[in-house]
Every structure is written in structure tokens, then in C-alpha cells.
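Trainee: Just so it is clear, I am handing over query21.cif, which has mmCIF, C-alpha atoms and all ligand atoms.
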```cif
data_start
loop_
_atom_site.label_atom_id
_atom_site.label_comp_id
_atom_site.auth_asym_id
_atom_site.auth_seq_id
_atom_site.Cartn_x
_atom_site.Cartn_y
_atom_site.Cartn_z
CA MET A 27 115.72 -7.67 5.48
CA VAL A 28 119.34 -6.60 5.30
CA MET A 29 120.38 -3.28 6.72
CA ALA A 30 123.45 -1.29 5.90
CA LYS A 31 125.88 -0.88 8.77
CA ARG A 32 125.59 2.63 10.22
CA SER A 33 128.66 4.78 10.02
CA ALA A 34 130.53 5.09 13.31
CA ASN A 35 131.15 8.81 13.09
CA TYR A 36 129.85 10.34 16.32
CA ILE A 37 130.73 13.68 17.83
CA GLY A 38 129.28 13.48 21.34
CA THR A 39 130.19 11.12 24.18
CA ARG A 40 126.53 10.30 24.91
CA THR A 41 125.93 9.28 21.29
CA THR A 42 129.14 7.24 21.31
CA ALA A 43 128.18 5.44 24.53
CA ILE A 44 124.83 4.45 23.05
CA HIS A 45 125.67 3.65 19.43
CA ALA A 46 129.36 2.66 19.18
CA GLY A 47 129.79 -1.05 18.48
CA GLU A 48 126.11 -1.53 17.71
CA ALA A 49 123.92 -1.66 14.61
CA PRO A 50 120.40 -2.94 13.97
CA ASP A 51 120.41 -6.69 13.32
CA PRO A 52 120.68 -7.23 9.55
CA GLY A 53 118.46 -10.33 9.70
CA THR A 54 115.54 -9.09 11.78
CA GLY A 55 115.95 -5.33 12.09
CA ALA A 56 116.13 -5.71 15.89
CA SER A 57 117.12 -2.34 17.34
CA ALA A 58 118.68 -3.78 20.52
CA PRO A 59 121.70 -6.03 20.03
CA ASN A 60 121.30 -9.81 20.14
CA ILE A 61 123.34 -11.94 22.51
CA VAL A 62 125.39 -14.54 20.67
CA MET A 63 126.00 -17.30 23.23
CA SER A 64 127.32 -19.84 20.71
CA SER A 65 130.71 -21.26 21.64
CA THR A 66 131.43 -22.45 18.09
CA TYR A 67 130.66 -21.30 14.53
CA VAL A 68 129.92 -23.19 11.32
CA VAL A 69 132.67 -22.43 8.79
CA ASP A 70 132.58 -22.79 5.01
CA GLU A 71 136.30 -22.89 4.24
CA PRO A 72 139.25 -24.85 5.65
CA LEU A 73 140.72 -23.07 8.71
CA GLY A 74 143.53 -23.96 11.12
CA PHE A 75 143.33 -25.06 14.75
CA SER A 76 145.75 -22.44 16.06
CA VAL A 77 145.15 -18.74 16.40
CA HIS A 78 148.47 -18.35 14.57
CA ASP A 79 146.97 -20.06 11.46
CA VAL A 80 143.96 -17.93 10.77
CA GLY A 81 145.28 -14.73 9.21
CA GLU A 82 144.54 -11.07 9.80
CA GLU A 83 140.75 -10.87 9.91
CA PRO A 84 139.48 -14.36 10.64
CA PRO A 85 135.78 -15.23 10.63
CA TYR A 86 134.18 -16.27 13.92
CA ILE A 87 135.49 -19.77 14.69
CA TYR A 88 135.33 -20.32 18.44
CA SER A 89 134.19 -17.92 21.17
CA ARG A 90 137.42 -18.02 23.17
CA TRP A 91 139.06 -16.49 20.08
CA SER A 92 136.32 -13.99 19.27
CA ASN A 93 132.58 -13.49 19.68
CA PRO A 94 130.27 -10.85 18.13
CA THR A 95 128.70 -9.76 21.45
CA ILE A 96 132.11 -9.34 23.10
CA ASP A 97 133.37 -7.55 19.95
CA ALA A 98 130.49 -5.07 20.24
CA LEU A 99 131.43 -4.21 23.84
CA GLN A 100 135.10 -3.92 22.88
CA SER A 101 134.25 -1.46 20.08
CA LYS A 102 132.10 0.61 22.42
CA LEU A 103 134.78 0.83 25.13
CA ALA A 104 137.58 1.61 22.62
CA ALA A 105 135.41 4.43 21.26
CA LEU A 106 134.78 5.79 24.78
CA GLU A 107 138.49 5.61 25.74
CA GLY A 108 139.61 7.02 22.39
CA THR A 109 141.89 4.04 21.71
CA GLU A 110 142.27 1.89 18.59
CA ALA A 111 141.30 -1.31 20.37
CA CYS A 112 140.01 -2.95 23.54
CA LEU A 113 140.10 -6.44 25.00
CA CYS A 114 137.36 -7.46 27.42
CA LEU A 115 138.03 -10.17 29.99
CA ALA A 116 136.21 -12.02 32.78
CA SER A 117 137.00 -9.52 35.56
CA GLY A 118 139.13 -6.53 36.44
CA MET A 119 141.66 -8.92 37.97
CA ALA A 120 141.78 -10.89 34.69
CA ALA A 121 142.58 -7.57 32.98
CA ALA A 122 145.34 -6.77 35.50
CA SER A 123 146.91 -10.23 35.27
CA ALA A 124 146.68 -10.07 31.46
CA ILE A 125 148.75 -6.86 31.46
CA PHE A 126 151.31 -8.13 33.98
CA LEU A 127 151.77 -11.67 32.66
CA SER A 128 151.88 -10.67 28.98
CA ASN A 129 154.37 -7.83 29.44
CA LEU A 130 156.77 -9.21 32.05
CA SER A 131 159.20 -12.13 31.90
CA ALA A 132 161.62 -13.68 34.36
CA GLY A 133 164.55 -11.37 35.05
CA GLU A 134 162.56 -8.21 34.31
CA HIS A 135 161.41 -5.45 36.63
CA ALA A 136 158.10 -3.70 37.21
CA ILE A 137 157.14 -0.63 39.22
CA VAL A 138 153.70 -0.90 40.81
CA SER A 139 151.91 1.78 42.81
CA ASP A 140 152.45 1.08 46.53
CA VAL A 141 148.72 1.61 47.03
CA SER A 142 146.38 0.00 44.54
CA TYR A 143 143.31 -2.20 44.38
CA ALA A 144 144.03 -4.90 47.01
CA GLY A 145 143.93 -7.78 44.52
CA VAL A 146 146.38 -6.01 42.21
CA ALA A 147 148.68 -5.20 45.15
CA GLU A 148 148.72 -8.84 46.24
CA LEU A 149 149.24 -10.13 42.67
CA ALA A 150 152.19 -7.77 42.21
CA ARG A 151 153.78 -8.44 45.58
CA ASP A 152 153.12 -12.17 46.03
CA THR A 153 152.63 -13.75 42.59
CA LEU A 154 154.96 -11.97 40.14
CA PRO A 155 158.14 -12.66 42.17
CA ARG A 156 157.34 -16.41 41.99
CA PHE A 157 157.90 -16.12 38.23
CA GLY A 158 161.23 -14.32 38.65
CA ILE A 159 159.78 -10.85 38.08
CA GLU A 160 161.10 -8.20 40.43
CA VAL A 161 158.56 -5.66 41.66
CA SER A 162 159.22 -2.29 43.29
CA LEU A 163 156.24 -0.88 45.17
CA VAL A 164 156.59 2.87 44.77
CA ASP A 165 154.57 5.93 45.77
CA VAL A 166 153.87 6.88 42.13
CA ASN A 167 152.53 10.22 43.31
CA ASP A 168 156.20 11.08 44.08
CA GLN A 169 157.90 11.63 40.71
CA ALA A 170 161.40 11.60 42.23
CA ALA A 171 160.64 8.19 43.75
CA VAL A 172 159.48 6.88 40.35
CA ALA A 173 162.60 8.25 38.64
CA ALA A 174 164.81 6.66 41.31
CA ALA A 175 163.09 3.28 40.98
CA ILE A 176 163.39 3.03 37.18
CA ARG A 177 166.14 0.62 36.05
CA PRO A 178 167.42 -0.52 32.64
CA ASP A 179 165.34 -3.72 32.96
CA THR A 180 162.11 -1.91 34.00
CA LYS A 181 159.46 -2.97 31.50
CA LEU A 182 156.20 -1.78 33.08
CA VAL A 183 154.98 0.95 35.41
CA HIS A 184 151.49 0.34 36.82
CA ILE A 185 149.51 3.21 38.31
CA GLU A 186 145.94 3.69 39.51
CA THR A 187 144.17 7.07 39.74
CA PRO A 188 142.24 7.94 41.81
CA VAL A 189 143.60 5.08 43.87
CA ASN A 190 141.58 2.60 45.88
CA PRO A 191 140.81 3.20 48.71
CA ILE A 192 142.41 6.56 49.66
CA MET A 193 141.52 8.70 46.59
CA ARG A 194 145.14 9.74 46.01
CA LEU A 195 145.75 10.93 42.44
CA THR A 196 148.71 10.28 40.17
CA ASP A 197 149.89 12.72 37.51
CA ILE A 198 149.46 10.39 34.51
CA ALA A 199 151.37 12.46 31.93
CA ALA A 200 154.36 12.94 34.25
CA VAL A 201 154.68 9.21 35.01
CA CYS A 202 154.34 8.36 31.28
CA GLU A 203 157.16 10.74 30.42
CA LEU A 204 159.46 9.18 33.02
CA ALA A 205 158.60 5.59 32.05
CA HIS A 206 158.72 6.09 28.29
CA SER A 207 162.06 7.86 28.40
CA ALA A 208 163.41 4.67 30.03
CA GLY A 209 161.69 2.39 27.48
CA ALA A 210 159.06 1.09 29.92
CA LYS A 211 155.34 0.79 29.18
CA VAL A 212 152.66 2.27 31.43
CA SER A 213 149.40 0.69 32.52
CA CYS A 214 146.76 2.69 34.37
CA ASP A 215 143.85 1.30 36.37
CA SER A 216 141.19 3.88 35.54
CA THR A 217 138.29 2.09 37.26
CA PHE A 218 137.53 4.91 39.74
CA ALA A 219 137.66 7.57 37.02
CA SER A 220 135.79 5.82 34.19
CA PRO A 221 136.38 6.96 30.59
CA ILE A 222 134.08 9.92 31.26
CA ALA A 223 136.45 11.47 33.82
CA THR A 224 139.86 10.61 32.39
CA ARG A 225 141.24 9.28 29.11
CA PRO A 226 144.69 8.03 30.15
CA ALA A 227 145.65 6.96 26.60
CA ALA A 228 145.57 10.61 25.50
CA LEU A 229 148.07 11.33 28.31
CA GLY A 230 150.43 8.60 27.10
CA VAL A 231 149.27 5.42 28.85
CA ASP A 232 149.84 2.21 26.85
CA TYR A 233 147.27 0.02 28.64
CA VAL A 234 144.13 1.58 30.14
CA MET A 235 142.56 -0.94 32.50
CA HIS A 236 139.06 -1.09 33.96
CA SER A 237 137.09 -3.31 36.23
CA THR A 238 133.91 -3.04 34.13
CA THR A 239 132.16 -4.57 37.15
CA LYS A 240 132.14 -1.01 38.51
CA TYR A 241 131.13 2.22 36.71
CA ILE A 242 131.08 0.91 33.13
CA GLY A 243 128.63 -1.91 33.86
CA GLY A 244 127.15 0.28 36.57
CA HIS A 245 124.39 -1.95 37.95
CA GLY A 246 126.19 -4.46 40.16
CA ASP A 247 125.09 -7.49 38.17
CA ALA A 248 128.02 -8.49 35.93
CA LEU A 249 131.73 -9.03 36.59
CA GLY A 250 134.05 -7.96 33.80
CA GLY A 251 137.33 -6.28 32.93
CA ALA A 252 138.80 -4.37 30.00
CA VAL A 253 142.15 -3.24 28.64
CA CYS A 254 142.18 -0.44 26.03
CA GLY A 255 145.16 0.56 23.89
CA ALA A 256 146.79 0.50 20.46
CA SER A 257 145.70 -2.25 18.01
CA GLU A 258 149.04 -4.05 17.99
CA ALA A 259 149.39 -4.14 21.78
CA ILE A 260 145.80 -5.29 22.28
CA ALA A 261 146.07 -7.97 19.55
CA ALA A 262 149.13 -9.40 21.32
CA LEU A 263 147.28 -9.29 24.65
CA ASN A 264 144.32 -11.06 23.03
CA VAL A 265 146.44 -13.98 21.82
CA GLU A 266 148.24 -14.49 25.11
CA ALA A 267 145.79 -13.46 27.82
CA ALA A 268 142.41 -14.26 26.29
CA ILE A 269 143.09 -17.13 23.91
CA HIS A 270 145.87 -18.87 25.84
CA HIS A 271 145.31 -17.92 29.51
CA GLY A 272 141.60 -18.20 28.80
CA GLY A 273 140.14 -15.46 31.01
CA ILE A 274 137.48 -14.47 28.49
CA ILE A 275 134.21 -12.80 29.46
CA SER A 276 130.85 -14.52 29.02
CA PRO A 277 128.87 -12.98 26.11
CA PHE A 278 125.95 -12.56 28.52
CA ASN A 279 128.07 -10.43 30.87
CA ALA A 280 129.45 -8.51 27.88
CA TRP A 281 125.88 -7.75 26.80
CA LEU A 282 124.88 -6.56 30.30
CA ILE A 283 128.00 -4.38 30.54
CA ALA A 284 127.37 -2.87 27.08
CA ARG A 285 123.82 -2.02 28.14
CA GLY A 286 125.18 -0.35 31.25
CA ALA A 287 127.86 1.50 29.28
CA ALA A 288 125.18 3.13 27.09
CA THR A 289 124.16 5.35 30.01
CA LEU A 290 127.66 5.87 31.45
CA PRO A 291 127.96 9.61 30.54
CA LEU A 292 124.59 10.41 32.13
CA ARG A 293 125.27 8.28 35.18
CA MET A 294 128.72 9.84 35.79
CA LYS A 295 127.17 13.31 35.69
CA ALA A 296 124.64 12.25 38.33
CA HIS A 297 127.26 10.41 40.44
CA GLU A 298 129.40 13.56 40.48
CA GLU A 299 126.53 15.91 41.30
CA THR A 300 125.31 13.77 44.20
CA ALA A 301 128.83 13.02 45.46
CA LEU A 302 129.57 16.77 45.67
CA ALA A 303 126.46 17.27 47.80
CA VAL A 304 127.24 14.28 50.04
CA ALA A 305 130.92 15.30 50.38
CA ALA A 306 129.88 18.82 51.43
CA PHE A 307 127.52 17.34 54.04
CA LEU A 308 130.26 15.05 55.39
CA GLU A 309 132.77 17.89 55.49
CA SER A 310 130.38 19.92 57.66
CA HIS A 311 129.54 17.03 60.02
CA PRO A 312 131.15 17.32 63.50
CA LYS A 313 131.85 13.56 63.69
CA VAL A 314 133.79 13.55 60.40
CA THR A 315 137.45 14.52 60.71
CA LYS A 316 138.48 14.34 57.05
CA VAL A 317 136.81 13.98 53.64
CA LEU A 318 138.76 12.99 50.55
CA TYR A 319 136.89 13.79 47.34
CA PRO A 320 138.76 15.12 44.27
CA GLY A 321 135.98 17.62 43.63
CA LEU A 322 136.46 19.35 47.00
CA ARG A 323 138.92 22.25 47.32
CA SER A 324 140.21 20.54 50.48
CA HIS A 325 141.50 17.52 48.49
CA PRO A 326 145.32 17.76 48.63
CA GLN A 327 145.48 17.29 44.85
CA HIS A 328 142.40 19.26 43.83
CA ASP A 329 144.41 21.18 41.20
CA LEU A 330 145.63 17.97 39.57
CA ALA A 331 142.09 16.58 39.74
CA ALA A 332 140.72 19.67 37.99
CA ARG A 333 143.40 19.33 35.28
CA GLN A 334 143.20 15.58 34.78
CA MET A 335 139.54 14.75 35.41
CA ASP A 336 136.53 15.97 33.41
CA ASN A 337 134.26 14.53 36.10
CA PHE A 338 135.11 14.03 39.78
CA SER A 339 133.32 10.65 39.87
CA GLY A 340 131.28 9.33 42.79
CA MET A 341 133.92 7.92 45.14
CA ILE A 342 134.43 9.52 48.57
CA ALA A 343 136.72 8.45 51.43
CA PHE A 344 136.14 9.86 54.91
CA GLN A 345 137.61 9.52 58.42
CA VAL A 346 135.85 9.73 61.78
CA GLY A 347 138.63 9.82 64.35
CA SER A 348 139.95 6.71 66.10
CA ALA A 349 139.78 3.19 64.68
CA ALA A 350 137.44 2.23 67.55
CA GLU A 351 135.02 5.01 66.58
CA GLY A 352 135.20 3.89 62.95
CA GLU A 353 134.43 0.32 63.93
CA ALA A 354 131.46 1.41 66.07
CA ILE A 355 130.01 3.45 63.20
CA ALA A 356 130.61 0.56 60.78
CA GLY A 357 128.57 -1.61 63.17
CA ARG A 358 125.73 0.93 63.18
CA MET A 359 125.88 1.12 59.37
CA MET A 360 125.37 -2.64 59.10
CA SER A 361 122.23 -2.53 61.24
CA ASP A 362 120.76 0.93 60.65
CA LEU A 363 121.38 2.07 57.07
CA GLU A 364 118.12 2.05 55.12
CA VAL A 365 119.24 3.16 51.66
CA ILE A 366 122.99 2.70 51.42
CA HIS A 367 124.18 -0.92 51.32
CA TYR A 368 127.07 -1.86 53.61
CA ALA A 369 129.01 -3.81 50.96
CA VAL A 370 132.24 -3.85 48.99
CA SER A 371 132.45 -2.87 45.30
CA LEU A 372 131.57 0.48 43.77
CA GLY A 373 130.23 2.36 40.78
CA HIS A 374 126.74 0.91 40.96
CA HIS A 375 123.41 2.76 40.87
CA ARG A 376 122.99 1.68 44.51
CA SER A 377 125.18 3.52 47.02
CA LEU A 378 127.68 1.30 48.84
CA VAL A 379 129.84 1.97 51.89
CA TYR A 380 132.61 -0.06 53.56
CA TRP A 381 134.93 0.49 56.53
CA MET A 382 138.63 0.01 55.74
CA PRO A 383 140.79 0.04 58.91
CA THR A 384 144.42 0.93 58.13
CA ASP A 385 146.11 -1.72 60.30
CA ALA A 386 144.11 -4.60 58.82
CA LEU A 387 144.69 -3.42 55.24
CA MET A 388 148.43 -3.14 55.92
CA GLU A 389 148.55 -6.71 57.23
CA THR A 390 146.72 -8.27 54.31
CA SER A 391 147.24 -6.13 51.24
CA PHE A 392 149.70 -3.27 51.34
CA LYS A 393 152.35 -4.09 53.99
CA LEU A 394 153.73 -0.55 53.84
CA GLU A 395 156.39 0.73 56.24
CA GLY A 396 158.25 3.96 57.03
CA ALA A 397 157.62 6.93 54.73
CA GLN A 398 155.15 4.97 52.55
CA LEU A 399 153.05 4.06 55.58
CA GLU A 400 153.18 7.68 56.76
CA SER A 401 152.02 8.85 53.34
CA TYR A 402 149.12 6.36 53.47
CA ARG A 403 148.17 7.52 56.96
CA ALA A 404 148.21 11.13 55.81
CA TYR A 405 145.21 10.21 53.64
CA ALA A 406 143.57 7.44 55.64
CA GLY A 407 144.48 8.00 59.30
CA ASP A 408 143.58 4.87 61.28
CA GLY A 409 140.91 3.96 58.79
CA ILE A 410 138.49 5.31 56.21
CA PHE A 411 134.98 4.72 55.05
CA ARG A 412 134.92 4.15 51.29
CA LEU A 413 131.63 5.49 50.02
CA SER A 414 130.47 4.85 46.48
CA VAL A 415 127.75 7.43 45.90
CA GLY A 416 125.05 5.89 43.75
CA LEU A 417 122.23 7.40 41.75
CA GLU A 418 119.74 7.91 44.57
CA ASP A 419 118.69 11.42 45.69
CA ALA A 420 121.32 13.19 47.80
CA VAL A 421 118.67 14.01 50.44
CA ASP A 422 118.10 10.30 51.17
CA LEU A 423 121.82 9.50 51.30
CA VAL A 424 122.51 12.42 53.65
CA ARG A 425 119.66 11.36 55.95
CA ASP A 426 120.96 7.77 55.98
CA LEU A 427 124.52 8.86 56.83
CA ASP A 428 123.37 11.40 59.40
CA ARG A 429 121.49 8.65 61.25
CA VAL A 430 124.57 6.42 61.69
CA LEU A 431 127.08 9.26 62.35
CA GLU A 432 125.18 10.52 65.42
C1 LIG B 1 137.20 -3.92 41.62
C2 LIG B 1 138.50 -3.39 41.15
C3 LIG B 1 139.41 -4.21 40.50
C4 LIG B 1 139.17 -5.68 40.29
O1 LIG B 1 138.07 -5.89 39.47
P1 LIG B 1 137.15 -7.22 39.52
O2 LIG B 1 136.19 -6.98 38.42
O3 LIG B 1 136.53 -7.29 40.89
O4 LIG B 1 138.08 -8.38 39.28
C5 LIG B 1 140.60 -3.65 40.05
N1 LIG B 1 140.87 -2.33 40.26
C6 LIG B 1 140.01 -1.53 40.90
C7 LIG B 1 140.37 -0.10 41.09
C8 LIG B 1 138.79 -2.02 41.37
O5 LIG B 1 137.95 -1.20 42.02
#
```
Will you turn the file into C-alpha cells for me?

Mentor:
Amino acid sequence: MVMAKRSANYIGTRTTAIHAGEAPDPGTGASAPNIVMSSTYVVDEPLGFSVHDVGEEPPYIYSRWSNPTIDALQSKLAALEGTEACLCLASGMAAASAIFLSNLSAGEHAIVSDVSYAGVAELARDTLPRFGIEVSLVDVNDQAAVAAAIRPDTKLVHIETPVNPIMRLTDIAAVCELAHSAGAKVSCDSTFASPIATRPAALGVDYVMHSTTKYIGGHGDALGGAVCGASEAIAALNVEAAIHHGGIISPFNAWLIARGAATLPLRMKAHEETALAVAAFLESHPKVTKVLYPGLRSHPQHDLAARQMDNFSGMIAFQVGSAAEGEAIAGRMMSDLEVIHYAVSLGHHRSLVYWMPTDALMETSFKLEGAQLESYRAYAGDGIFRLSVGLEDAVDLVRDLDRVLE
């Protein structure tokens, strides 16, 4: 039985999330996609050994070059982001290092958000300078600071919004305008937003990055990363980062992440609904001194959030007073939480919470001083709890939190 390929002309995001990149198997009619785990492919014509030999649309040759299961996920994510192409890699960090190492050379300059995912912050601050790349860590929320940091040799500006762990937002379109007018490219870590909340490419971003380990996969069982953008940029990234640096994703993980992505629009709606209820509870709790959730009017950038995000996502940061109080509550969370898991990571169906003391994070990851440290403390105080609101009922999450906040 051979089936015609369905046309990929979908109007709605839910339909796109389910059907993009997929078609019934032409051999068996299987409705769910197969997993192709093969590392190599039988060919019926002479082909080269180098990726530079094989022409525009090569057949499948070797799975580090391309693989049908990974291709299916890439098509689905490009459709959800509204970009021409997508490259999936082994982790979010593989996606970040792909962007940095493929766009920057010795003697060039990059601007990286002074607060970002800890691994990205450490890669930018500690690794890139070893290769002769100069990095300025800038509060990208401050457009004057970005403008002042841009130099003739600036090649890349990397932002993250909302940013881990303090939920600070960056005006994507404004940063793109500044960077592009100076000839620099922009990459945006959109992991906390997901393609349901924000489509950075439509606002000018050249490389939209995700840890697909988080919302896109959504179930806490597969590490992965993705970079979405224009065909030419992604093809170049594919040759260098995937084929030569080798950080490709396992087809099995790609299959799990694609299955998760099918329900992303529905999950994000539920994450947002429950997070709003939990954030309102936290805001009214006497022990809680500050709640940072883009969907709350009290968020310092609520207007930007309303403009830039179609969904406020499920990530909440909250403070409880002194670092000692935070530590004591973190201890109670480890022993007394019954529903929420005390664990790192985010975006899963299970709710996760983690205590992030400011001093410790400064020592290991961010090393901010002066005005930048003050700006961080304005959001985080002496420490914050990062809460990833899952898909459980709000009533159970509120009861769990209430028990440990006593
Ligand atoms: C988790 C995360 C990453 C890193 O992704 P991995 O899949 O763990 O390598 C990068 N950025 C953000 C915002 C993240 O939350």
C-alpha cells in the first residue's frame, strides 16, 4: 500500500502541532510515525564521503548527516516557530554551543545577556574567550546598554526571554533592530516561552533556540535541543554543528519529543491557566514577599509580556524574605511536598520547584557586580524559588505549597 503524502497546509496551531512533519507510513499505512534507528542507509548510486560532495537534496546516507525521524521533528518545530528550517541537536546546550561556535571566530565579539541559563552563561564567559572570542555580558533589558556595547566587530547578540531564573523579559524586536543595524545576528533562547507564547523569528531573531527537554518534549523523559531559522542559516549550522561537531540527537529522543510536541498548544494553555491560579495564591500568601509571573499585573514588565507573549507560560519565581528562610522552606519542600517534585528542570507535566540562592548563583554562574547585581537583586532578592507549574490540578499544587510555606 502506498499513500500519497498529505499536504502540509494547516491553519490552526493545534493541527500544525499534531500533523506537521508527519504522514501515514507509505509501506504499512501506520498512522503513528515509525522510529528509524538505522545509522546507515543502503544506497543505489555512487555518493561521496563528505557532506560537501552530496549535492542539494541528498538521499539518506548516514544518520549523523540526516535521519527521517529527526527530519520529522525538525519539520514540526519549524512549522510551529514559523521558520523555514530547524536543526535538532542532542540538548539545549548543544543548540547553544552550535549557535556560538558556528557564528563566532577568534577576534570577534559577542553580546550575551548578563543573566541566562547557567550553562549558557558559563559557556559564554569561560569557554568562548579561550577561543579568542570577546564576550560582553550585558543587561539586554536595557536598550541603551545594548547600544553602548555594540562594536564594529560584534557578530552575535544572544538574549533569553523570559530569562532563567528571574523571569525578566527582553524586548525582542528592539534588540533585533539595534543588532541588525550594526550587522550583528541575534539568537534568542525561547525555552521558557515555547513557540506557543512567542515566535521570535517574526520579531527579527535569526536563531530561535530551545531546550526541547523542557516544554516542547514536555514529559521529562528526553533531552534535546533545537535551533529554528532561515534555510540557509540552518543548513550552514547543520554542516558545522551537527555533522562536524557531532552533537546530533538520537532518533528515539526525536520521536519522544515529536510525540510531546503534538500536545504542546493544549499543554501550554493548561500550564498558563494553572500558573495564574498558583501565582495568585502565592501573591496572597503572608510568607511570600514577591511573585514574578509575566501574567500578573505586578510583574514589572507585564505590558511587554502582554505585547510579546500569546501565553504567559507556566514558570513562576517567588521570594520568601531572607536567604535563611528560603533555605528552611527548601528543606521542608524536600521532605514534605507530596505532589510537586523538588528538582531542577522545567516544562514537564509534573510540577517542579527549586531554590536558587542569589549568592551561590553569583559565585558559580553569573558573577555579576555593581549595577548588574543590583538589577538581579531587584528581581531575585537574596534568592528565589523557581516553580515550574505542571499539568496537575491547581487545588493540589496550592495545598502542597501551603503546607511547606507555613
Ligand atoms: C534547560 C535549559 C537549557 C539547556 O538545555 P539542556 O537540554 O538541559 O541542555 C538552555 N536554556 C534554558 C532556558 C533552559 O531552561

Trainee: Compile the contact shell of range 421-432 of chain A as a PyMOL selection string: residues with an atom at most 8 Å away, counting all atoms listed in the file, same-chain residues fewer than 6 positions apart removed.

Mentor: chain A and resi 304+307+313+355+358-359+362-366

Trainee: Give me, as number ranges by chain, all polymer residues having an atom no more than 6 Å from range 247-250 of chain A, counting only C-alpha atoms and skipping those fewer than 2 positions away in the same chain.

Mentor: A: 115-118, 238-239, 245, 279

Trainee: Neighbours of ligand LIG 1 (chain B) within 7 Å, counting all atoms listed in the file, as a ChimeraX atom specification?

Mentor: /A:117-120,142-143,145-146,186,189-190,215-218,236-240,249-251,371-372

Trainee: Please determine, counting all atoms listed in the file, which residue among A:Tyr241, A:Gly209, A:Tyr67, A:Arg156 has the shortest atom-to-atom distance to Leu292 in chain A.

Mentor: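 Answer, going by the shortest atom-to-atom distance: A:Tyr241.
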
Trainee: Counting all atoms listed in the file, figure out which residue out of A:Gly357, A:Pro320, A:Gly108, A:Gly47 gets nearest to Gly230 in chain A.

Mentor: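 Among A:Gly357, A:Pro320, A:Gly108, A:Gly47, it is A:Gly108 that comes nearest to Gly230 in chain A.
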
Trainee: Do you know which residues are at most 8 Å from Ala343 in chain A counting all atoms listed in the file, after dropping those on the same chain fewer than 6 positions away, and could you put them as a PDB file with C-alpha atoms, in the coordinates of the input?

Mentor:
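The new file out32.pdb reads:
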```pdb
ATOM      1  CA  PRO A 191     140.810   3.200  48.710  1.00  0.00           C
ATOM      2  CA  ILE A 192     142.410   6.560  49.660  1.00  0.00           C
ATOM      3  CA  MET A 193     141.520   8.700  46.590  1.00  0.00           C
ATOM      4  CA  VAL A 317     136.810  13.980  53.640  1.00  0.00           C
ATOM      5  CA  LEU A 318     138.760  12.990  50.550  1.00  0.00           C
ATOM      6  CA  TYR A 319     136.890  13.790  47.340  1.00  0.00           C
ATOM      7  CA  ILE A 410     138.490   5.310  56.210  1.00  0.00           C
ATOM      8  CA  PHE A 411     134.980   4.720  55.050  1.00  0.00           C
ATOM      9  CA  ARG A 412     134.920   4.150  51.290  1.00  0.00           C
ATOM     10  CA  LEU A 413     131.630   5.490  50.020  1.00  0.00           C
TER      11      LEU A 413
END
```

Trainee: Might you pull out every residue within 12 Å of Ala105 in chain A, with only C-alpha atoms counted and same-chain residues fewer than 4 positions away left off, and present them as an mmCIF file with C-alpha atoms, in the coordinates of the input?

Mentor:
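After the write, part_32.cif holds the following:
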```
data_model
loop_
_atom_site.group_PDB
_atom_site.id
_atom_site.type_symbol
_atom_site.label_atom_id
_atom_site.label_comp_id
_atom_site.auth_asym_id
_atom_site.auth_seq_id
_atom_site.Cartn_x
_atom_site.Cartn_y
_atom_site.Cartn_z
ATOM 1 C CA ALA A 34 130.530 5.090 13.310
ATOM 2 C CA ASN A 35 131.150 8.810 13.090
ATOM 3 C CA TYR A 36 129.850 10.340 16.320
ATOM 4 C CA ILE A 37 130.730 13.680 17.830
ATOM 5 C CA GLY A 38 129.280 13.480 21.340
ATOM 6 C CA THR A 39 130.190 11.120 24.180
ATOM 7 C CA ARG A 40 126.530 10.300 24.910
ATOM 8 C CA THR A 41 125.930 9.280 21.290
ATOM 9 C CA THR A 42 129.140 7.240 21.310
ATOM 10 C CA ALA A 43 128.180 5.440 24.530
ATOM 11 C CA ILE A 44 124.830 4.450 23.050
ATOM 12 C CA HIS A 45 125.670 3.650 19.430
ATOM 13 C CA ALA A 46 129.360 2.660 19.180
ATOM 14 C CA GLY A 47 129.790 -1.050 18.480
ATOM 15 C CA GLU A 48 126.110 -1.530 17.710
ATOM 16 C CA ALA A 98 130.490 -5.070 20.240
ATOM 17 C CA LEU A 99 131.430 -4.210 23.840
ATOM 18 C CA GLN A 100 135.100 -3.920 22.880
ATOM 19 C CA SER A 101 134.250 -1.460 20.080
ATOM 20 C CA THR A 109 141.890 4.040 21.710
ATOM 21 C CA GLU A 110 142.270 1.890 18.590
ATOM 22 C CA ALA A 111 141.300 -1.310 20.370
ATOM 23 C CA CYS A 112 140.010 -2.950 23.540
ATOM 24 C CA PRO A 221 136.380 6.960 30.590
ATOM 25 C CA ILE A 222 134.080 9.920 31.260
ATOM 26 C CA ARG A 225 141.240 9.280 29.110
ATOM 27 C CA ALA A 227 145.650 6.960 26.600
ATOM 28 C CA CYS A 254 142.180 -0.440 26.030
ATOM 29 C CA GLY A 255 145.160 0.560 23.890
ATOM 30 C CA ALA A 287 127.860 1.500 29.280
ATOM 31 C CA ALA A 288 125.180 3.130 27.090
#
```

Trainee: For His325 in chain A, which residue among A:Ala397, A:Ile342, A:Ile260, A:Leu282 is the nearest when counting only C-alpha atoms?

Mentor: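 Of A:Ala397, A:Ile342, A:Ile260, A:Leu282, the one nearest His325 in chain A, counting only C-alpha atoms, is A:Ile342.
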
Trainee: Suppose you want the space between CA of Ala284 in chain A and CA of Val62 in chain A; what is it in Å?

Mentor: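 Answer for the CA of Ala284 in chain A to CA of Val62 in chain A separation: 13.5 Å.
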
Trainee: For the atom pair CA of Ile185 in chain A and CA of Leu163 in chain A, what is the interatomic distance in Å to one decimal place?

Mentor: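 Between CA of Ile185 in chain A and CA of Leu163 in chain A the gap is 10.4 Å.
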
Trainee: Could you list, as a PyMOL selection string, every residue within 8 Å of range 330-334 of chain A, counting all atoms listed in the file and ignoring same-chain residues fewer than 4 positions away?

Mentor: chain A and resi 195+197+223-224+320-321+338
